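Shown next: structure_1.cif, given as mmCIF, N, CA and C atoms.
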data_run
loop_
_atom_site.label_atom_id
_atom_site.label_comp_id
_atom_site.auth_asym_id
_atom_site.auth_seq_id
_atom_site.Cartn_x
_atom_site.Cartn_y
_atom_site.Cartn_z
N MET S 57 0.84 -1.17 0.00
CA MET S 57 0.00 0.00 0.00
C MET S 57 0.88 1.24 0.00
N SER S 58 0.44 2.25 -0.68
CA SER S 58 1.22 3.48 -0.73
C SER S 58 0.96 4.31 0.52
N PRO S 59 1.94 5.07 0.95
CA PRO S 59 1.77 5.92 2.14
C PRO S 59 0.73 7.01 1.89
N PHE S 60 0.13 7.48 2.95
CA PHE S 60 -0.76 8.63 2.87
C PHE S 60 -0.29 9.63 3.91
N SER S 61 -0.73 10.87 3.77
CA SER S 61 -0.38 11.87 4.77
C SER S 61 -1.56 12.77 5.05
N LEU S 62 -1.55 13.32 6.26
CA LEU S 62 -2.58 14.26 6.71
C LEU S 62 -1.85 15.48 7.24
N GLU S 63 -2.42 16.65 7.04
CA GLU S 63 -1.84 17.88 7.58
C GLU S 63 -2.88 18.61 8.40
N ARG S 64 -2.44 19.15 9.52
CA ARG S 64 -3.31 19.93 10.39
C ARG S 64 -2.51 21.15 10.85
N THR S 65 -3.22 22.26 11.11
CA THR S 65 -2.57 23.46 11.66
C THR S 65 -3.37 23.92 12.88
N PRO S 66 -3.20 23.20 14.01
CA PRO S 66 -3.95 23.56 15.22
C PRO S 66 -3.41 24.84 15.86
N LEU S 67 -4.29 25.51 16.57
CA LEU S 67 -3.89 26.71 17.31
C LEU S 67 -3.27 26.28 18.63
N LEU S 68 -2.12 25.62 18.51
CA LEU S 68 -1.35 25.12 19.65
C LEU S 68 0.12 25.37 19.39
N ALA S 69 0.87 25.59 20.45
CA ALA S 69 2.33 25.65 20.31
C ALA S 69 2.82 24.27 19.91
N PRO S 70 3.93 24.18 19.18
CA PRO S 70 4.44 22.87 18.77
C PRO S 70 4.63 21.89 19.92
N ALA S 71 5.13 22.35 21.06
CA ALA S 71 5.35 21.44 22.19
C ALA S 71 4.03 20.83 22.68
N GLU S 72 2.97 21.62 22.68
CA GLU S 72 1.67 21.12 23.13
C GLU S 72 1.04 20.18 22.10
N ALA S 73 1.15 20.51 20.84
CA ALA S 73 0.65 19.60 19.80
C ALA S 73 1.39 18.26 19.88
N TRP S 74 2.69 18.33 20.06
CA TRP S 74 3.52 17.12 20.20
C TRP S 74 3.07 16.28 21.40
N ARG S 75 2.89 16.95 22.53
CA ARG S 75 2.48 16.25 23.75
C ARG S 75 1.16 15.51 23.53
N ARG S 76 0.21 16.18 22.91
CA ARG S 76 -1.10 15.57 22.69
C ARG S 76 -1.04 14.39 21.71
N LEU S 77 -0.24 14.52 20.68
CA LEU S 77 -0.18 13.46 19.66
C LEU S 77 0.66 12.26 20.08
N THR S 78 1.58 12.47 21.02
CA THR S 78 2.47 11.36 21.41
C THR S 78 2.15 10.83 22.81
N ASP S 79 1.01 11.18 23.34
CA ASP S 79 0.52 10.59 24.59
C ASP S 79 -0.25 9.34 24.17
N TRP S 80 0.47 8.23 24.03
CA TRP S 80 -0.08 7.01 23.41
C TRP S 80 -1.38 6.53 24.04
N PRO S 81 -1.52 6.48 25.37
CA PRO S 81 -2.79 6.02 25.93
C PRO S 81 -3.99 6.87 25.53
N ARG S 82 -3.79 8.16 25.26
CA ARG S 82 -4.91 9.03 24.84
C ARG S 82 -5.48 8.63 23.49
N HIS S 83 -4.70 7.93 22.67
CA HIS S 83 -5.22 7.49 21.38
C HIS S 83 -6.42 6.55 21.55
N ALA S 84 -6.43 5.79 22.65
CA ALA S 84 -7.56 4.89 22.91
C ALA S 84 -8.85 5.67 23.16
N ASP S 85 -8.74 6.93 23.60
CA ASP S 85 -9.92 7.75 23.84
C ASP S 85 -10.59 8.21 22.55
N VAL S 86 -9.85 8.18 21.44
CA VAL S 86 -10.39 8.74 20.20
C VAL S 86 -10.49 7.73 19.05
N VAL S 87 -9.96 6.53 19.23
CA VAL S 87 -10.07 5.49 18.20
C VAL S 87 -11.04 4.44 18.73
N PRO S 88 -12.18 4.28 18.07
CA PRO S 88 -13.20 3.35 18.56
C PRO S 88 -12.67 1.92 18.71
N LEU S 89 -13.18 1.25 19.75
CA LEU S 89 -12.88 -0.16 20.00
C LEU S 89 -11.39 -0.46 20.12
N THR S 90 -10.64 0.51 20.66
CA THR S 90 -9.18 0.35 20.75
C THR S 90 -8.70 0.65 22.17
N GLY S 91 -7.81 -0.19 22.65
CA GLY S 91 -7.11 0.03 23.91
C GLY S 91 -5.63 0.12 23.64
N ILE S 92 -4.92 0.87 24.45
CA ILE S 92 -3.47 1.05 24.28
C ILE S 92 -2.77 0.60 25.55
N GLU S 93 -1.72 -0.18 25.37
CA GLU S 93 -0.87 -0.58 26.50
C GLU S 93 0.57 -0.25 26.16
N VAL S 94 1.18 0.60 26.96
CA VAL S 94 2.60 0.93 26.78
C VAL S 94 3.40 -0.19 27.45
N LEU S 95 4.32 -0.79 26.70
CA LEU S 95 5.05 -1.97 27.16
C LEU S 95 6.38 -1.64 27.82
N THR S 96 6.83 -0.39 27.72
CA THR S 96 8.12 0.01 28.28
C THR S 96 7.92 1.14 29.28
N ALA S 97 8.89 1.32 30.15
CA ALA S 97 8.80 2.36 31.18
C ALA S 97 8.91 3.75 30.56
N PRO S 98 8.21 4.74 31.14
CA PRO S 98 8.34 6.11 30.66
C PRO S 98 9.72 6.66 30.97
N PRO S 99 10.10 7.75 30.34
CA PRO S 99 9.38 8.51 29.34
C PRO S 99 9.52 7.88 27.95
N THR S 100 8.70 8.36 27.00
CA THR S 100 8.82 7.89 25.63
C THR S 100 10.18 8.29 25.07
N ARG S 101 10.78 7.40 24.32
CA ARG S 101 12.11 7.61 23.71
C ARG S 101 12.26 6.57 22.61
N GLU S 102 13.38 6.61 21.90
CA GLU S 102 13.66 5.54 20.94
C GLU S 102 13.67 4.22 21.70
N GLY S 103 12.99 3.24 21.15
CA GLY S 103 12.89 1.94 21.81
C GLY S 103 11.60 1.74 22.59
N THR S 104 10.84 2.82 22.84
CA THR S 104 9.55 2.66 23.50
C THR S 104 8.66 1.79 22.63
N ARG S 105 7.96 0.85 23.27
CA ARG S 105 7.05 -0.06 22.56
C ARG S 105 5.67 0.02 23.19
N PHE S 106 4.65 -0.04 22.35
CA PHE S 106 3.28 -0.09 22.84
C PHE S 106 2.43 -0.87 21.85
N VAL S 107 1.28 -1.30 22.33
CA VAL S 107 0.38 -2.08 21.49
C VAL S 107 -1.01 -1.44 21.51
N ALA S 108 -1.58 -1.29 20.33
CA ALA S 108 -2.97 -0.85 20.19
C ALA S 108 -3.78 -2.10 19.84
N ARG S 109 -4.68 -2.48 20.71
CA ARG S 109 -5.54 -3.64 20.45
C ARG S 109 -6.89 -3.12 20.02
N SER S 110 -7.27 -3.45 18.77
CA SER S 110 -8.53 -2.98 18.20
C SER S 110 -9.44 -4.16 17.92
N GLY S 111 -10.69 -4.01 18.29
CA GLY S 111 -11.68 -5.06 18.04
C GLY S 111 -12.45 -5.38 19.29
N ILE S 112 -13.17 -6.50 19.22
CA ILE S 112 -13.99 -6.95 20.34
C ILE S 112 -13.66 -8.41 20.62
N GLY S 113 -13.29 -8.69 21.87
CA GLY S 113 -13.05 -10.07 22.30
C GLY S 113 -12.08 -10.80 21.41
N PRO S 114 -12.49 -11.99 20.92
CA PRO S 114 -11.58 -12.80 20.12
C PRO S 114 -11.35 -12.24 18.71
N VAL S 115 -12.15 -11.25 18.34
CA VAL S 115 -11.99 -10.63 17.02
C VAL S 115 -11.26 -9.30 17.19
N ALA S 116 -10.05 -9.39 17.74
CA ALA S 116 -9.23 -8.20 17.98
C ALA S 116 -7.87 -8.40 17.31
N VAL S 117 -7.29 -7.28 16.92
CA VAL S 117 -5.98 -7.29 16.25
C VAL S 117 -5.03 -6.41 17.04
N ASP S 118 -3.82 -6.89 17.26
CA ASP S 118 -2.80 -6.11 17.94
C ASP S 118 -1.93 -5.38 16.91
N ASP S 119 -1.78 -4.08 17.10
CA ASP S 119 -0.87 -3.26 16.30
C ASP S 119 0.27 -2.88 17.23
N ILE S 120 1.36 -3.66 17.16
CA ILE S 120 2.52 -3.45 18.03
C ILE S 120 3.45 -2.44 17.36
N MET S 121 3.78 -1.38 18.10
CA MET S 121 4.61 -0.32 17.53
C MET S 121 5.84 -0.06 18.39
N GLU S 122 6.91 0.35 17.70
CA GLU S 122 8.14 0.73 18.39
C GLU S 122 8.58 2.10 17.87
N VAL S 123 8.94 2.98 18.80
CA VAL S 123 9.46 4.29 18.44
C VAL S 123 10.90 4.11 17.96
N THR S 124 11.15 4.47 16.71
CA THR S 124 12.51 4.34 16.17
C THR S 124 13.20 5.69 15.99
N VAL S 125 12.43 6.77 15.96
CA VAL S 125 12.98 8.13 15.95
C VAL S 125 12.17 8.93 16.95
N TRP S 126 12.86 9.64 17.83
CA TRP S 126 12.19 10.46 18.85
C TRP S 126 12.95 11.77 18.99
N ARG S 127 12.45 12.80 18.31
CA ARG S 127 13.06 14.12 18.37
C ARG S 127 11.96 15.15 18.63
N PRO S 128 11.64 15.45 19.88
CA PRO S 128 10.60 16.45 20.16
C PRO S 128 10.98 17.82 19.58
N PRO S 129 9.99 18.65 19.26
CA PRO S 129 10.29 19.99 18.75
C PRO S 129 10.94 20.85 19.83
N VAL S 130 11.92 21.64 19.43
CA VAL S 130 12.60 22.55 20.35
C VAL S 130 12.78 23.87 19.61
N GLY S 131 12.21 24.94 20.18
CA GLY S 131 12.31 26.25 19.54
C GLY S 131 11.72 26.20 18.14
N ASP S 132 12.52 26.61 17.14
CA ASP S 132 12.06 26.58 15.75
C ASP S 132 12.36 25.25 15.06
N GLU S 133 13.01 24.33 15.78
CA GLU S 133 13.35 23.02 15.19
C GLU S 133 12.13 22.10 15.23
N PRO S 134 11.80 21.46 14.11
CA PRO S 134 10.64 20.57 14.09
C PRO S 134 10.90 19.31 14.91
N GLY S 135 9.81 18.70 15.34
CA GLY S 135 9.88 17.42 16.02
C GLY S 135 9.50 16.31 15.06
N LEU S 136 10.07 15.12 15.27
CA LEU S 136 9.74 13.96 14.44
C LEU S 136 9.72 12.71 15.30
N CYS S 137 8.63 11.97 15.19
CA CYS S 137 8.50 10.67 15.83
C CYS S 137 8.19 9.67 14.72
N ARG S 138 8.97 8.59 14.65
CA ARG S 138 8.71 7.52 13.68
C ARG S 138 8.40 6.24 14.46
N LEU S 139 7.33 5.61 14.06
CA LEU S 139 6.89 4.35 14.65
C LEU S 139 6.97 3.26 13.61
N GLU S 140 7.56 2.15 13.97
CA GLU S 140 7.58 0.96 13.10
C GLU S 140 6.57 -0.02 13.66
N LYS S 141 5.71 -0.52 12.80
CA LYS S 141 4.69 -1.48 13.20
C LYS S 141 5.32 -2.88 13.18
N ARG S 142 5.31 -3.55 14.32
CA ARG S 142 6.04 -4.80 14.49
C ARG S 142 5.13 -6.01 14.73
N GLY S 143 3.86 -5.88 14.45
CA GLY S 143 2.93 -6.97 14.73
C GLY S 143 2.94 -8.08 13.70
N ARG S 144 2.17 -9.10 13.97
CA ARG S 144 2.03 -10.23 13.04
C ARG S 144 1.04 -9.94 11.94
N VAL S 145 0.10 -9.02 12.19
CA VAL S 145 -0.96 -8.74 11.22
C VAL S 145 -0.83 -7.34 10.64
N VAL S 146 -0.63 -6.35 11.50
CA VAL S 146 -0.55 -4.95 11.07
C VAL S 146 0.93 -4.61 10.87
N LEU S 147 1.26 -4.15 9.67
CA LEU S 147 2.65 -3.83 9.30
C LEU S 147 2.72 -2.42 8.75
N GLY S 148 3.91 -1.89 8.67
CA GLY S 148 4.11 -0.56 8.08
C GLY S 148 4.82 0.36 9.04
N TRP S 149 4.53 1.65 8.93
CA TRP S 149 5.17 2.67 9.75
C TRP S 149 4.27 3.90 9.83
N ALA S 150 4.58 4.76 10.77
CA ALA S 150 3.90 6.06 10.89
C ALA S 150 4.93 7.10 11.31
N GLU S 151 4.74 8.32 10.85
CA GLU S 151 5.58 9.44 11.27
C GLU S 151 4.69 10.60 11.67
N ILE S 152 5.05 11.23 12.77
CA ILE S 152 4.36 12.43 13.22
C ILE S 152 5.42 13.53 13.26
N GLU S 153 5.19 14.56 12.46
CA GLU S 153 6.10 15.72 12.42
C GLU S 153 5.35 16.94 12.91
N VAL S 154 5.96 17.69 13.81
CA VAL S 154 5.34 18.91 14.35
C VAL S 154 6.36 20.03 14.24
N ARG S 155 5.94 21.13 13.63
CA ARG S 155 6.83 22.29 13.47
C ARG S 155 6.03 23.57 13.69
N PRO S 156 6.71 24.68 13.93
CA PRO S 156 5.99 25.96 14.04
C PRO S 156 5.25 26.25 12.74
N GLY S 157 4.04 26.79 12.88
CA GLY S 157 3.24 27.12 11.71
C GLY S 157 2.89 28.61 11.72
N PRO S 158 2.00 28.99 10.84
CA PRO S 158 1.63 30.40 10.71
C PRO S 158 0.77 30.89 11.88
N GLY S 159 0.94 32.14 12.25
CA GLY S 159 0.07 32.78 13.24
C GLY S 159 0.03 32.12 14.60
N GLY S 160 1.17 31.61 15.07
CA GLY S 160 1.21 30.98 16.38
C GLY S 160 0.68 29.56 16.42
N ARG S 161 0.36 29.03 15.27
CA ARG S 161 -0.12 27.66 15.18
C ARG S 161 1.04 26.70 15.02
N SER S 162 0.71 25.42 15.10
CA SER S 162 1.67 24.37 14.75
C SER S 162 1.28 23.82 13.38
N ARG S 163 2.24 23.27 12.71
CA ARG S 163 1.97 22.54 11.47
C ARG S 163 2.28 21.08 11.77
N VAL S 164 1.26 20.23 11.68
CA VAL S 164 1.39 18.81 11.97
C VAL S 164 1.25 18.04 10.67
N VAL S 165 2.18 17.14 10.42
CA VAL S 165 2.08 16.22 9.28
C VAL S 165 2.16 14.80 9.84
N TRP S 166 1.15 14.02 9.54
CA TRP S 166 1.07 12.62 9.96
C TRP S 166 1.16 11.80 8.69
N ARG S 167 2.22 11.02 8.56
CA ARG S 167 2.40 10.14 7.39
C ARG S 167 2.29 8.70 7.87
N GLU S 168 1.70 7.87 7.04
CA GLU S 168 1.54 6.48 7.46
C GLU S 168 1.48 5.56 6.25
N GLU S 169 2.09 4.41 6.43
CA GLU S 169 1.93 3.31 5.47
C GLU S 169 1.45 2.12 6.29
N LEU S 170 0.27 1.63 5.96
CA LEU S 170 -0.36 0.57 6.72
C LEU S 170 -0.62 -0.61 5.80
N ARG S 171 -0.16 -1.78 6.24
CA ARG S 171 -0.42 -3.00 5.48
C ARG S 171 -1.02 -4.04 6.41
N ILE S 172 -1.95 -4.80 5.90
CA ILE S 172 -2.56 -5.88 6.66
C ILE S 172 -2.10 -7.19 6.03
N ARG S 173 -1.33 -7.95 6.80
CA ARG S 173 -0.82 -9.24 6.31
C ARG S 173 -2.00 -10.13 5.93
N PHE S 174 -1.84 -10.87 4.90
CA PHE S 174 -2.83 -11.84 4.40
C PHE S 174 -4.00 -11.18 3.67
N LEU S 175 -4.08 -9.85 3.65
CA LEU S 175 -5.16 -9.19 2.93
C LEU S 175 -4.69 -8.92 1.51
N PRO S 176 -5.42 -9.41 0.51
CA PRO S 176 -5.00 -9.21 -0.88
C PRO S 176 -4.88 -7.72 -1.24
N ARG S 177 -3.95 -7.41 -2.13
CA ARG S 177 -3.70 -6.03 -2.55
C ARG S 177 -4.94 -5.39 -3.15
N LEU S 178 -5.87 -6.19 -3.58
CA LEU S 178 -7.14 -5.70 -4.11
C LEU S 178 -7.82 -4.75 -3.11
N PHE S 179 -7.57 -4.96 -1.81
CA PHE S 179 -8.21 -4.17 -0.76
C PHE S 179 -7.39 -2.97 -0.32
N ASP S 180 -6.23 -2.73 -0.94
CA ASP S 180 -5.36 -1.61 -0.53
C ASP S 180 -6.09 -0.27 -0.53
N GLY S 181 -6.89 -0.02 -1.55
CA GLY S 181 -7.60 1.26 -1.65
C GLY S 181 -8.58 1.46 -0.51
N VAL S 182 -9.30 0.41 -0.15
CA VAL S 182 -10.27 0.48 0.94
C VAL S 182 -9.54 0.69 2.27
N VAL S 183 -8.46 -0.06 2.48
CA VAL S 183 -7.68 0.09 3.72
C VAL S 183 -7.12 1.52 3.79
N ASN S 184 -6.59 2.03 2.68
CA ASN S 184 -6.01 3.37 2.66
C ASN S 184 -7.05 4.43 3.00
N ARG S 185 -8.22 4.37 2.36
CA ARG S 185 -9.27 5.36 2.62
C ARG S 185 -9.78 5.27 4.06
N THR S 186 -9.95 4.05 4.55
CA THR S 186 -10.43 3.86 5.92
C THR S 186 -9.42 4.38 6.93
N ALA S 187 -8.14 4.05 6.73
CA ALA S 187 -7.08 4.50 7.65
C ALA S 187 -6.97 6.02 7.62
N ARG S 188 -7.03 6.61 6.45
CA ARG S 188 -6.94 8.06 6.32
C ARG S 188 -8.07 8.74 7.09
N LEU S 189 -9.27 8.22 6.96
CA LEU S 189 -10.42 8.78 7.67
C LEU S 189 -10.26 8.60 9.18
N MET S 190 -9.91 7.38 9.61
CA MET S 190 -9.79 7.08 11.03
C MET S 190 -8.68 7.90 11.69
N PHE S 191 -7.48 7.95 11.07
CA PHE S 191 -6.38 8.69 11.67
C PHE S 191 -6.59 10.19 11.58
N GLY S 192 -7.28 10.65 10.54
CA GLY S 192 -7.61 12.07 10.44
C GLY S 192 -8.52 12.50 11.57
N ARG S 193 -9.55 11.70 11.85
CA ARG S 193 -10.45 12.01 12.97
C ARG S 193 -9.71 11.93 14.30
N ALA S 194 -8.86 10.92 14.45
CA ALA S 194 -8.10 10.78 15.69
C ALA S 194 -7.20 12.01 15.90
N ALA S 195 -6.49 12.42 14.87
CA ALA S 195 -5.62 13.60 14.99
C ALA S 195 -6.44 14.83 15.36
N ASN S 196 -7.58 15.03 14.71
CA ASN S 196 -8.44 16.18 15.02
C ASN S 196 -8.84 16.18 16.50
N GLN S 197 -9.27 15.03 16.98
CA GLN S 197 -9.73 14.95 18.37
C GLN S 197 -8.58 15.11 19.36
N LEU S 198 -7.45 14.50 19.08
CA LEU S 198 -6.30 14.64 19.99
C LEU S 198 -5.83 16.08 20.07
N LEU S 199 -5.87 16.78 18.95
CA LEU S 199 -5.41 18.17 18.93
C LEU S 199 -6.44 19.13 19.54
N ARG S 200 -7.70 18.70 19.65
CA ARG S 200 -8.73 19.54 20.27
C ARG S 200 -8.81 19.34 21.77
N LYS S 201 -8.58 18.12 22.24
CA LYS S 201 -8.74 17.81 23.68
C LYS S 201 -7.52 18.26 24.47
N ALA S 202 -7.77 18.73 25.67
CA ALA S 202 -6.67 19.17 26.54
C ALA S 202 -6.02 18.03 27.27
#

Rewritten as structure tokens:
Amino acid sequence: MSPFSLERTPLLAPAEAWRRLTDWPRHADVVPLTGIEVLTAPPTREGTRFVARSGIGPVAVDDIMEVTVWRPPVGDEPGLCRLEKRGRVVLGWAEIEVRPGPGGRSRVVWREELRIRFLPRLFDGVVNRTARLMFGRAANQLLRKA
């Protein structure tokens, strides 16, 4: 599947946008039928691992992720977090970039490539559109909530 990206310009300082987007347990508050468990001790850094379990009961899928790049924004320098998906079913990567934007806002770019093992490529378009919608809504809600 080809990567997709989303851009947002919230009325938040870069450090606050970063904090909201990289507070992994908060993602469970905005992604339906999903729980998050951080598998490593805080604080988040390269090597941090967490799992997003989505579904109901026995029909659930684990999306195991590892932080491979962790550079929070500092001053005018952009922040970048890269996650590698390490699960048996959900594969790919995600990047969250946060930089200063216009008028005191932040500029957020969320890039993701999501693959579902065993799912024929015929479904790539559906997976891409669904993921784009789901992660777009999640980003909107995370950036709105305090």

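Proximity ranking of S:Pro81, S:Glu93, S:Leu67, S:Trp74 relative to Glu153 of chain S places S:Trp74 first, based on all atoms listed in the file.
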
>> Taking (14.0, 16.4, 19.6) as a centre in this file's frame and 12 Å as the limit, can you find every polymer residue with an atom that close, using only C-alpha atoms, and give them as a ChimeraX atom specification?
In response: /S:70-71,74,100-102,125-138,153-155

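Distance annotation: of S:Ala84, S:Val146, S:Val165, S:Ala97, the residue with the minimal separation from Ser61 of chain S is S:Val165; atom set is all atoms listed in the file.
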
>> the PyMOL selection byres ((chain S and resi 120) around 7) - which residues does that actually catch in the file I just gave you? List them as a ChimeraX atom specification.
In response: /S:105-108,117-119,121-122,140-144,146

>> On this structure, the PyMOL selection byres ((chain S and resi 60) around 8) would catch which residues? List them as a PyMOL selection string, sorted by chain and number.
In response: chain S and resi 57-59+61-63+166-170+184+188

> So which residues of segment 107-184 of chain S fall under strand (DSSP E or B) by DSSP, listed as number ranges by chain?
Replying inline: S: 107-112, 115-127, 130, 133, 135-142, 146-156, 162-172

> Got a sec to resolve the PyMOL selection byres ((chain S and resi 68) around 8) on this structure and send the residues as a list in words?
Replying inline: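 That selection, the PyMOL selection byres ((chain S and resi 68) around 8), comes back as Thr65, Pro66, Leu67, Ala69, Pro70, Ala71, Glu72, Ala73, Trp74, Pro156, Gly157, Gly159, Gly160, Arg161, Ser162, Arg163 and Leu199 of chain S.
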
>> If I take atom CA of Thr96 of chain S and atom CA of Val123 of chain S, how far is one from the other in Å, to one decimal?
In response: 10.8 Å

> What residues in segment 78-178 of chain S get the DSSP label alpha helix (DSSP H)? Please answer as a PyMOL selection string.
Replying inline: chain S and resi 83-86

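Note that the spacing between atom C of Pro98 of chain S and atom N of Asp85 of chain S amounts to 19.9 Å.
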
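Each of S:Leu139, S:Leu175, S:Gly181, S:Arg193 was checked against Glu151 of chain S using only C-alpha atoms; the smallest atom-to-atom distance is that of S:Leu139.
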
>> Show me the residues close to (-4.8, 5.0, 7.1) - anything with an atom within 6 Å, counting all atoms listed in the file - and format the list as an NGL selection string.
In response: :S and (183-189 or 191)

Coordinates of box centre and edge lengths for segment 163-182 of chain S, 5 Å on every side, axis-aligned, as JSON:
{"center_x": -3.9, "center_y": 5.7, "center_z": 4.3, "size_x": 22.7, "size_y": 45.1, "size_z": 26.8}

> Please, what distance in Å, to one decimal, runs between atom C of Leu77 of chain S and atom N of Gly91 of chain S?
Replying inline: 15.3 Å

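Closest approach to Gly148 of chain S among S:His83, S:Lys201, S:Ala194, S:Arg173 is made by S:Arg173 (distances from only C-alpha atoms).
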
>> From the options S:Arg64, S:Pro176, S:Gly103, S:Val94, which residue's atoms come nearest to Val164 of chain S, counting all atoms listed in the file?
In response: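 Smallest distance to Val164 of chain S is found for S:Arg64.
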
Could you write segment 145-163 of chain S of the block just shown to a file containing N, CA and C atoms, as a PDB file, in the first residue's frame?
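Final file, out_13.pdb:
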ATOM      1  N   VAL S 145       0.099  -9.025  12.193  1.00  0.00           N
ATOM      2  CA  VAL S 145      -0.961  -8.744  11.225  1.00  0.00           C
ATOM      3  C   VAL S 145      -0.833  -7.337  10.643  1.00  0.00           C
ATOM      4  N   VAL S 146      -0.628  -6.349  11.503  1.00  0.00           N
ATOM      5  CA  VAL S 146      -0.546  -4.950  11.065  1.00  0.00           C
ATOM      6  C   VAL S 146       0.930  -4.609  10.869  1.00  0.00           C
ATOM      7  N   LEU S 147       1.263  -4.154   9.670  1.00  0.00           N
ATOM      8  CA  LEU S 147       2.647  -3.832   9.298  1.00  0.00           C
ATOM      9  C   LEU S 147       2.715  -2.416   8.754  1.00  0.00           C
ATOM     10  N   GLY S 148       3.912  -1.888   8.666  1.00  0.00           N
ATOM     11  CA  GLY S 148       4.114  -0.564   8.081  1.00  0.00           C
ATOM     12  C   GLY S 148       4.821   0.360   9.041  1.00  0.00           C
ATOM     13  N   TRP S 149       4.533   1.648   8.933  1.00  0.00           N
ATOM     14  CA  TRP S 149       5.174   2.667   9.749  1.00  0.00           C
ATOM     15  C   TRP S 149       4.273   3.895   9.825  1.00  0.00           C
ATOM     16  N   ALA S 150       4.582   4.764  10.766  1.00  0.00           N
ATOM     17  CA  ALA S 150       3.900   6.057  10.885  1.00  0.00           C
ATOM     18  C   ALA S 150       4.930   7.097  11.306  1.00  0.00           C
ATOM     19  N   GLU S 151       4.745   8.317  10.848  1.00  0.00           N
ATOM     20  CA  GLU S 151       5.584   9.437  11.270  1.00  0.00           C
ATOM     21  C   GLU S 151       4.690  10.597  11.670  1.00  0.00           C
ATOM     22  N   ILE S 152       5.048  11.227  12.765  1.00  0.00           N
ATOM     23  CA  ILE S 152       4.359  12.428  13.221  1.00  0.00           C
ATOM     24  C   ILE S 152       5.415  13.532  13.260  1.00  0.00           C
ATOM     25  N   GLU S 153       5.193  14.565  12.464  1.00  0.00           N
ATOM     26  CA  GLU S 153       6.100  15.717  12.419  1.00  0.00           C
ATOM     27  C   GLU S 153       5.346  16.937  12.910  1.00  0.00           C
ATOM     28  N   VAL S 154       5.957  17.687  13.807  1.00  0.00           N
ATOM     29  CA  VAL S 154       5.343  18.906  14.347  1.00  0.00           C
ATOM     30  C   VAL S 154       6.357  20.031  14.241  1.00  0.00           C
ATOM     31  N   ARG S 155       5.939  21.131  13.628  1.00  0.00           N
ATOM     32  CA  ARG S 155       6.827  22.288  13.469  1.00  0.00           C
ATOM     33  C   ARG S 155       6.026  23.571  13.688  1.00  0.00           C
ATOM     34  N   PRO S 156       6.708  24.683  13.925  1.00  0.00           N
ATOM     35  CA  PRO S 156       5.993  25.955  14.039  1.00  0.00           C
ATOM     36  C   PRO S 156       5.255  26.252  12.740  1.00  0.00           C
ATOM     37  N   GLY S 157       4.043  26.791  12.883  1.00  0.00           N
ATOM     38  CA  GLY S 157       3.236  27.124  11.715  1.00  0.00           C
ATOM     39  C   GLY S 157       2.886  28.605  11.717  1.00  0.00           C
ATOM     40  N   PRO S 158       1.997  28.986  10.843  1.00  0.00           N
ATOM     41  CA  PRO S 158       1.628  30.399  10.711  1.00  0.00           C
ATOM     42  C   PRO S 158       0.769  30.887  11.878  1.00  0.00           C
ATOM     43  N   GLY S 159       0.936  32.138  12.254  1.00  0.00           N
ATOM     44  CA  GLY S 159       0.066  32.776  13.236  1.00  0.00           C
ATOM     45  C   GLY S 159       0.033  32.118  14.596  1.00  0.00           C
ATOM     46  N   GLY S 160       1.169  31.611  15.069  1.00  0.00           N
ATOM     47  CA  GLY S 160       1.211  30.984  16.384  1.00  0.00           C
ATOM     48  C   GLY S 160       0.676  29.560  16.415  1.00  0.00           C
ATOM     49  N   ARG S 161       0.362  29.033  15.267  1.00  0.00           N
ATOM     50  CA  ARG S 161      -0.121  27.655  15.181  1.00  0.00           C
ATOM     51  C   ARG S 161       1.040  26.698  15.020  1.00  0.00           C
ATOM     52  N   SER S 162       0.708  25.422  15.095  1.00  0.00           N
ATOM     53  CA  SER S 162       1.665  24.371  14.751  1.00  0.00           C
ATOM     54  C   SER S 162       1.280  23.824  13.383  1.00  0.00           C
ATOM     55  N   ARG S 163       2.244  23.269  12.711  1.00  0.00           N
ATOM     56  CA  ARG S 163       1.970  22.541  11.470  1.00  0.00           C
ATOM     57  C   ARG S 163       2.281  21.081  11.768  1.00  0.00           C
TER      58      ARG S 163
END
